[in-house]
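In what follows, a structure is listed as structure tokens, so that the remarks can point back to it.
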Amino acid sequence: MIAISIFAILAVTSVTIFTNISRMSRKVQVQEYVFTEAEAAMEKILREIQRSTIDYDEYYSQLVLDFVVYGQNYGVYGSTFYDPGSGGGPLTSYDGGGDGIDGDDCTYDSEYFFTEDCQSLDTSTYDVNFGVHPVSGDELSMNALCTTAGCDDIGNSLQSQLYLIDGSASRKVMLALENFTNDLGDQESVISMLEMTGTDVDNDGITDYWACADSYTCQDSVRHYNSDGSTYEDYAVPEAQLDLEVGDLDDGDFEPITPVGMNIVELSFYIAPFEDPYRAFSETDQSVQQHPHVIVYMTVAPSSDMTQGFLGEEWTLTLQGTASVGVFDSVPSEYRGWWRYL
């Protein structure tokens, strides 16, 4: 009887030890998986930064103009560095009034006013790029990320989404967290990416409008008028920020670049400088006159699907990477005079 009891105890102990070893082995495998996938994601993000530059126009549209639709208001940010000139008067509505330039046909009644369409310009009233934002006032009180008090606070550089654009203004990239509900009913996140391509409607070699790249099936659209003020096109765009909320990861808008087996606990981007230094060539503050770069901070963990039955505390991994942009000039954009006055 004693022997049977001893045998039973040893058997139970052996099974327990074997089970624990198996669980620990599985935990190590999951940790290796997460580490490999996290490194791959960080590498991809840093490569995107190195082949592009910070899309200050997109940040200005989202954070200053409060637009929730991606790819809008292109050229607005660049126009803020211009002095409006001495004549013509600011455009106070969309249906005429000049933009600070005197000339023939300078007041199109259209959604967008193209300065290049004006004829016989009066050079004394021409808008001049001063390389300072804003043209009048304290340059530290306003930048691409902020227009309120404390815009020079380093905290403004911390962003939850990354907006990039290539040097020819033909490709935009957006990176952000996208939430979803896993099989256990837990809310988790992946990193998702959206690409947009530019369209030049007035054939001057500069992008005017943006739409989702052909490889994405975006669910919404915006209408933009051509330079004649009467014809228009509808451009595919994602459903604003809605696509990043809890929903379907395969809806065709933002597409995941990390697997669902790895939960993205935190994702932050430190943008520097606050202002495009190649546009702000007359601003003297050292915080502006530096080559653009991004610090990426990411914390990841195994998904709850993969950690059922694991022993010990929950495990996370934090990575940080820094990359300088690969563009050494301002990105060309259409000058839209009247936008300065919004």
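Simple scheme: letters A, B, ... for chains in structure tokens order, numbers from 1 for residues in each chain, numbers from 1 for ligands in the order shown.
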
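Near Asp305 in chain A, within a cut-off of 10 Å and counting only C-alpha atoms, sit the residues A:Asn182, A:Asp183, A:Leu184, A:Gly185, A:Asp186, A:Val260, A:Gly261, A:Met262, with same-chain residues fewer than 6 positions away left out.
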
Selection from above, C-alpha atoms, as a PDB file, in the first residue's frame, can you write it?
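Writing done, so here's part07.pdb:
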```pdb
ATOM      1  CA  ASN A 182      -9.482  38.495 -30.725  1.00  0.00           C
ATOM      2  CA  ASP A 183     -11.056  35.043 -30.419  1.00  0.00           C
ATOM      3  CA  LEU A 184     -11.161  35.276 -26.622  1.00  0.00           C
ATOM      4  CA  GLY A 185     -13.072  38.559 -26.767  1.00  0.00           C
ATOM      5  CA  ASP A 186     -10.075  40.655 -25.686  1.00  0.00           C
ATOM      6  CA  VAL A 260      -2.469  39.173 -34.679  1.00  0.00           C
ATOM      7  CA  GLY A 261      -0.370  36.859 -32.510  1.00  0.00           C
ATOM      8  CA  MET A 262       1.552  39.910 -31.262  1.00  0.00           C
TER       9      MET A 262
END
```

Set the distance at 9 Å and use only C-alpha atoms: which residues neighbour Ile206 in chain A once local chain neighbours fewer than 6 positions away are removed? I'd like the list as a PDB file with N, CA and C atoms, in the first residue's frame.
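To be explicit, this is the file written out as out.pdb:
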```pdb
ATOM      1  N   SER A 168       9.268  63.331 -54.007  1.00  0.00           N
ATOM      2  CA  SER A 168       8.614  63.818 -55.221  1.00  0.00           C
ATOM      3  C   SER A 168       7.133  64.090 -55.016  1.00  0.00           C
ATOM      4  N   ALA A 169       6.641  63.885 -53.810  1.00  0.00           N
ATOM      5  CA  ALA A 169       5.218  64.075 -53.485  1.00  0.00           C
ATOM      6  C   ALA A 169       4.326  63.198 -54.358  1.00  0.00           C
ATOM      7  N   SER A 170       4.707  61.940 -54.501  1.00  0.00           N
ATOM      8  CA  SER A 170       3.883  60.992 -55.251  1.00  0.00           C
ATOM      9  C   SER A 170       3.361  59.854 -54.380  1.00  0.00           C
ATOM     10  N   GLY A 198      -0.397  60.436 -55.261  1.00  0.00           N
ATOM     11  CA  GLY A 198      -0.768  61.789 -55.616  1.00  0.00           C
ATOM     12  C   GLY A 198      -1.218  61.915 -57.063  1.00  0.00           C
ATOM     13  N   THR A 199      -2.073  62.921 -57.322  1.00  0.00           N
ATOM     14  CA  THR A 199      -2.563  63.215 -58.667  1.00  0.00           C
ATOM     15  C   THR A 199      -2.326  64.686 -58.970  1.00  0.00           C
ATOM     16  N   ASP A 200      -1.766  64.942 -60.137  1.00  0.00           N
ATOM     17  CA  ASP A 200      -1.510  66.310 -60.588  1.00  0.00           C
ATOM     18  C   ASP A 200      -2.593  66.684 -61.603  1.00  0.00           C
ATOM     19  N   PRO A 332       7.764  69.345 -52.841  1.00  0.00           N
ATOM     20  CA  PRO A 332       6.964  70.304 -53.622  1.00  0.00           C
ATOM     21  C   PRO A 332       5.473  70.169 -53.345  1.00  0.00           C
ATOM     22  N   SER A 333       4.799  71.301 -53.236  1.00  0.00           N
ATOM     23  CA  SER A 333       3.347  71.308 -53.057  1.00  0.00           C
ATOM     24  C   SER A 333       2.783  72.528 -53.767  1.00  0.00           C
ATOM     25  N   GLU A 334       1.533  72.415 -54.217  1.00  0.00           N
ATOM     26  CA  GLU A 334       0.852  73.524 -54.893  1.00  0.00           C
ATOM     27  C   GLU A 334       0.631  74.658 -53.906  1.00  0.00           C
TER      28      GLU A 334
END
```

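Take the candidates A:Trp315, A:Phe180, A:Tyr163, A:Tyr297 and check each one against Pro256 in chain A using only C-alpha atoms; the shortest distance goes to A:Phe180.
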
(Q) Quick one: residues within 12 Å of Arg51 in chain A, only C-alpha atoms, excluding same-chain residues fewer than 6 positions away - as a PyMOL selection string? (A) chain A and resi 44-45+164-168+171-173+293+323-328

(Q) My list of candidates is A:Thr231, A:Ala213, A:Ser61, A:Ala272. Which is closest to Val201 in chain A when distances are computed with only C-alpha atoms? (A) A:Thr231
